$ cat query-v5.pdb   # PDB, C-alpha atoms
ATOM      1  CA  MET A  41     -13.538 -81.594  14.454
ATOM      2  CA  GLU A  42     -15.593 -80.471  11.485
ATOM      3  CA  ASN A  43     -14.494 -77.805   9.075
ATOM      4  CA  PRO A  44     -15.877 -74.410  10.296
ATOM      5  CA  PHE A  45     -16.057 -73.188   6.690
ATOM      6  CA  ASN A  46     -18.410 -76.001   5.751
ATOM      7  CA  PRO A  47     -21.906 -74.489   5.306
ATOM      8  CA  SER A  48     -23.471 -77.418   7.185
ATOM      9  CA  PHE A  49     -21.327 -76.739  10.269
ATOM     10  CA  GLY A  50     -23.459 -75.477  13.146
ATOM     11  CA  LYS A  51     -26.610 -73.422  12.989
ATOM     12  CA  MET A  52     -27.060 -70.199  11.094
ATOM     13  CA  PRO A  53     -27.332 -67.283  13.566
ATOM     14  CA  SER A  54     -30.878 -65.912  13.702
ATOM     15  CA  VAL A  55     -29.538 -62.432  12.858
ATOM     16  CA  PHE A  56     -28.810 -63.677   9.352
ATOM     17  CA  LEU A  57     -32.081 -65.558   9.027
ATOM     18  CA  ASN A  58     -34.170 -62.486   9.857
ATOM     19  CA  ARG A  59     -32.185 -60.016   7.761
ATOM     20  CA  ASP A  60     -35.108 -59.052   5.486
ATOM     21  CA  SER A  61     -37.464 -58.347   8.360
ATOM     22  CA  LEU A  62     -34.759 -56.376  10.193
ATOM     23  CA  THR A  63     -34.043 -54.338   7.059
ATOM     24  CA  GLN A  64     -37.746 -53.603   6.654
ATOM     25  CA  ARG A  65     -38.009 -52.510  10.304
ATOM     26  CA  ILE A  66     -35.046 -50.161   9.869
ATOM     27  CA  VAL A  67     -36.504 -48.695   6.665
ATOM     28  CA  ASN A  68     -39.854 -48.165   8.424
ATOM     29  CA  GLU A  69     -38.087 -46.367  11.278
ATOM     30  CA  LEU A  70     -36.157 -44.203   8.808
ATOM     31  CA  ASN A  71     -39.384 -43.324   7.002
ATOM     32  CA  ARG A  72     -41.239 -42.428  10.181
ATOM     33  CA  ASN A  73     -38.484 -40.703  12.162
ATOM     34  CA  VAL A  74     -36.228 -39.133   9.537
ATOM     35  CA  TYR A  75     -37.482 -39.084   5.970
ATOM     36  CA  PHE A  76     -40.948 -37.761   6.784
ATOM     37  CA  LYS A  77     -39.353 -34.748   8.509
ATOM     38  CA  VAL A  78     -36.776 -34.193   5.751
ATOM     39  CA  TYR A  79     -39.406 -34.401   3.012
ATOM     40  CA  SER A  80     -41.943 -32.190   4.783
ATOM     41  CA  ASP A  81     -39.263 -29.502   5.303
ATOM     42  CA  MET A  82     -38.458 -29.415   1.581
ATOM     43  CA  SER A  83     -39.900 -26.683  -0.645
ATOM     44  CA  GLU A  84     -42.316 -27.650  -3.420
ATOM     45  CA  ARG A  85     -39.569 -27.144  -6.031
ATOM     46  CA  GLU A  86     -37.142 -29.353  -4.095
ATOM     47  CA  LYS A  87     -39.828 -32.035  -3.898
ATOM     48  CA  GLU A  88     -40.396 -31.677  -7.623
ATOM     49  CA  PHE A  89     -36.639 -32.137  -8.178
ATOM     50  CA  VAL A  90     -36.399 -35.370  -6.148
ATOM     51  CA  GLN A  91     -39.637 -36.637  -7.704
ATOM     52  CA  ALA A  92     -38.085 -36.108 -11.143
ATOM     53  CA  MET A  93     -35.092 -38.136  -9.983
ATOM     54  CA  VAL A  94     -37.423 -40.967  -8.934
ATOM     55  CA  LYS A  95     -39.386 -40.765 -12.206
ATOM     56  CA  SER A  96     -36.165 -41.259 -14.165
ATOM     57  CA  LYS A  97     -35.872 -44.745 -12.587
ATOM     58  CA  GLN A  98     -32.077 -44.519 -12.640
ATOM     59  CA  PRO A  99     -29.703 -44.760  -9.666
ATOM     60  CA  LYS A 100     -27.681 -41.840 -11.014
ATOM     61  CA  VAL A 101     -29.523 -39.137 -12.916
ATOM     62  CA  LYS A 102     -28.197 -36.547 -15.337
ATOM     63  CA  SER A 103     -29.260 -33.013 -14.417
ATOM     64  CA  GLN A 104     -30.426 -32.510 -17.995
ATOM     65  CA  ILE A 105     -32.965 -35.342 -17.591
ATOM     66  CA  ILE A 106     -34.245 -33.762 -14.375
ATOM     67  CA  GLY A 107     -34.580 -30.456 -16.231
ATOM     68  CA  ASN A 108     -36.518 -32.127 -19.035
ATOM     69  CA  LEU A 109     -38.899 -33.822 -16.588
ATOM     70  CA  MET A 110     -39.426 -30.547 -14.696
ATOM     71  CA  LYS A 111     -39.574 -28.526 -17.950
ATOM     72  CA  LYS A 112     -36.976 -26.091 -16.556
ATOM     73  CA  GLY A 113     -33.655 -24.757 -17.804
ATOM     74  CA  PRO A 114     -30.154 -25.593 -16.557
ATOM     75  CA  ASN A 115     -29.794 -22.464 -14.390
ATOM     76  CA  TYR A 116     -33.069 -23.196 -12.588
ATOM     77  CA  ILE A 117     -32.059 -26.837 -12.024
ATOM     78  CA  ALA A 118     -28.595 -25.799 -10.778
ATOM     79  CA  VAL A 119     -30.103 -23.738  -7.936
ATOM     80  CA  TYR A 120     -32.122 -26.651  -6.525
ATOM     81  CA  ARG A 121     -29.370 -29.161  -7.249
ATOM     82  CA  ARG A 122     -26.949 -27.083  -5.142
ATOM     83  CA  LYS A 123     -29.500 -26.641  -2.326
ATOM     84  CA  LEU A 124     -30.235 -30.375  -2.143
ATOM     85  CA  ILE A 125     -26.513 -31.175  -2.186
ATOM     86  CA  ASP A 126     -25.922 -28.664   0.628
ATOM     87  CA  ASP A 127     -28.800 -30.229   2.580
ATOM     88  CA  GLN A 128     -27.145 -33.650   2.065
ATOM     89  CA  ILE A 129     -30.176 -35.181   0.384
ATOM     90  CA  ILE A 130     -28.440 -35.831  -2.939
ATOM     91  CA  LYS A 131     -24.798 -36.056  -3.946
ATOM     92  CA  PRO A 132     -22.863 -35.385  -7.151
ATOM     93  CA  ASN A 133     -22.155 -38.659  -8.903
ATOM     94  CA  GLY A 134     -19.986 -37.842 -11.880
ATOM     95  CA  TYR A 135     -20.037 -34.810 -14.146
ATOM     96  CA  GLY A 136     -23.638 -33.584 -14.440
ATOM     97  CA  TYR A 137     -25.058 -36.527 -12.505
ATOM     98  CA  VAL A 138     -26.637 -36.760  -9.070
ATOM     99  CA  SER A 139     -27.874 -39.610  -6.892
ATOM    100  CA  PHE A 140     -29.621 -39.905  -3.552
ATOM    101  CA  LEU A 141     -27.339 -39.711  -0.550
ATOM    102  CA  LEU A 142     -29.947 -41.034   1.897
ATOM    103  CA  PRO A 143     -30.481 -44.800   1.608
ATOM    104  CA  TYR A 144     -34.021 -45.819   0.591
ATOM    105  CA  PHE A 145     -35.062 -42.156   0.244
ATOM    106  CA  ASP A 146     -36.049 -42.796  -3.369
ATOM    107  CA  LYS A 147     -38.530 -45.447  -2.182
ATOM    108  CA  PHE A 148     -39.942 -43.007   0.365
ATOM    109  CA  VAL A 149     -40.397 -40.309  -2.304
ATOM    110  CA  GLU A 150     -42.043 -42.858  -4.596
ATOM    111  CA  GLN A 151     -44.522 -43.758  -1.824
ATOM    112  CA  GLU A 152     -45.256 -40.073  -1.226
ATOM    113  CA  MET A 153     -45.897 -39.570  -4.940
ATOM    114  CA  ILE A 154     -48.418 -42.422  -4.905
ATOM    115  CA  LEU A 155     -50.136 -40.997  -1.824
ATOM    116  CA  ASP A 156     -50.298 -37.542  -3.434
ATOM    117  CA  GLU A 157     -52.262 -38.997  -6.351
ATOM    118  CA  PHE A 158     -55.225 -39.758  -4.065
TER     119      PHE A 158
END
$ encode --input "query-v5.pdb" --output "structure tokens"
Amino acid sequence: MENPFNPSFGKMPSVFLNRDSLTQRIVNELNRNVYFKVYSDMSEREKEFVQAMVKSKQPKVKSQIIGNLMKKGPNYIAVYRRKLIDDQIIKPNGYGYVSFLLPYFDKFVEQEMILDEF
């Protein structure tokens, strides 16, 4: 009998071979069925907040950077930060930092920003 841990043993299950296409299908379903609704229900200021997070191009963003990009003070930023945390769109990620809670939501927001330019 051959060693089952040998990479040449047997065939690779098709689930693993099609992982990228499956991931893309799941992301497309999330965009269409969840993220579109979440994003359209957000206020303009909340959208501006998450767009600033995307513009920072960092996985975890300091609230001060978001404030600088939005040209708003810390108290203003704190209100929308708290609302988005309560709505489970972002999460605290260290003192003064936030990150997206929803997987791939940053990519969705980035696509929406591109579409808004036209």
$ resolve_selection --input "query-v5.pdb" --expression "the PyMOL selection byres ((chain A and resi 93) around 9)" --output "number ranges by chain"
A: 88-92, 94-103, 105-106, 109, 138-140, 146
$ write_last_selection --input "query-v5.pdb" --atoms "C-alpha atoms" --output "short mmCIF file (atom, residue, chain, number, x, y, z; two decimals), in the coordinates of the input"
data_model
loop_
_atom_site.label_atom_id
_atom_site.label_comp_id
_atom_site.auth_asym_id
_atom_site.auth_seq_id
_atom_site.Cartn_x
_atom_site.Cartn_y
_atom_site.Cartn_z
CA GLU A 88 -40.40 -31.68 -7.62
CA PHE A 89 -36.64 -32.14 -8.18
CA VAL A 90 -36.40 -35.37 -6.15
CA GLN A 91 -39.64 -36.64 -7.70
CA ALA A 92 -38.08 -36.11 -11.14
CA VAL A 94 -37.42 -40.97 -8.93
CA LYS A 95 -39.39 -40.76 -12.21
CA SER A 96 -36.16 -41.26 -14.16
CA LYS A 97 -35.87 -44.74 -12.59
CA GLN A 98 -32.08 -44.52 -12.64
CA PRO A 99 -29.70 -44.76 -9.67
CA LYS A 100 -27.68 -41.84 -11.01
CA VAL A 101 -29.52 -39.14 -12.92
CA LYS A 102 -28.20 -36.55 -15.34
CA SER A 103 -29.26 -33.01 -14.42
CA ILE A 105 -32.97 -35.34 -17.59
CA ILE A 106 -34.24 -33.76 -14.38
CA LEU A 109 -38.90 -33.82 -16.59
CA VAL A 138 -26.64 -36.76 -9.07
CA SER A 139 -27.87 -39.61 -6.89
CA PHE A 140 -29.62 -39.90 -3.55
CA ASP A 146 -36.05 -42.80 -3.37
#
$ closest_residue --input "query-v5.pdb" --among "A:Ile154, A:Val119, A:Val67, A:Met110" --to "Leu142 in chain A" --atoms "only C-alpha atoms"
A:Val67
$ atom_distance --input "query-v5.pdb" --atom1 "CA of Gly134 in chain A" --atom2 "CA of Thr63 in chain A"
28.8 Å
$ closest_residue --input "query-v5.pdb" --among "A:Phe148, A:Ile117, A:Asn133, A:Gly107" --to "Arg72 in chain A" --atoms "only C-alpha atoms"
A:Phe148
$ atom_distance --input "query-v5.pdb" --atom1 "CA of Asn68 in chain A" --atom2 "CA of Asp81 in chain A"
18.9 Å
$ axis_aligned_box --input "query-v5.pdb" --around "range 63-76 of chain A" --padding-each-side "5 Å" --output "AutoDock Vina command-line options"
--center_x -37.6 --center_y -46.0 --center_z 9.1 --size_x 17.2 --size_y 26.6 --size_z 16.2
$ closest_residue --input "query-v5.pdb" --among "A:Glu86, A:Gln104, A:Glu157, A:Lys147" --to "Lys123 in chain A" --atoms "only C-alpha atoms"
A:Glu86
$ atom_distance --input "query-v5.pdb" --atom1 "CA of Met153 in chain A" --atom2 "CA of Asn115 in chain A"
25.3 Å
$ closest_residue --input "query-v5.pdb" --among "A:Phe145, A:Met82, A:Tyr137, A:Asn73" --to "Leu124 in chain A" --atoms "all atoms listed in the file"
A:Met82
$ closest_residue --input "query-v5.pdb" --among "A:Val149, A:Leu70, A:Leu141, A:Leu62" --to "Asp127 in chain A" --atoms "all atoms listed in the file"
A:Leu141
$ closest_residue --input "query-v5.pdb" --among "A:Pro143, A:Phe158, A:Gln64, A:Tyr116" --to "Ile129 in chain A" --atoms "all atoms listed in the file"
A:Pro143
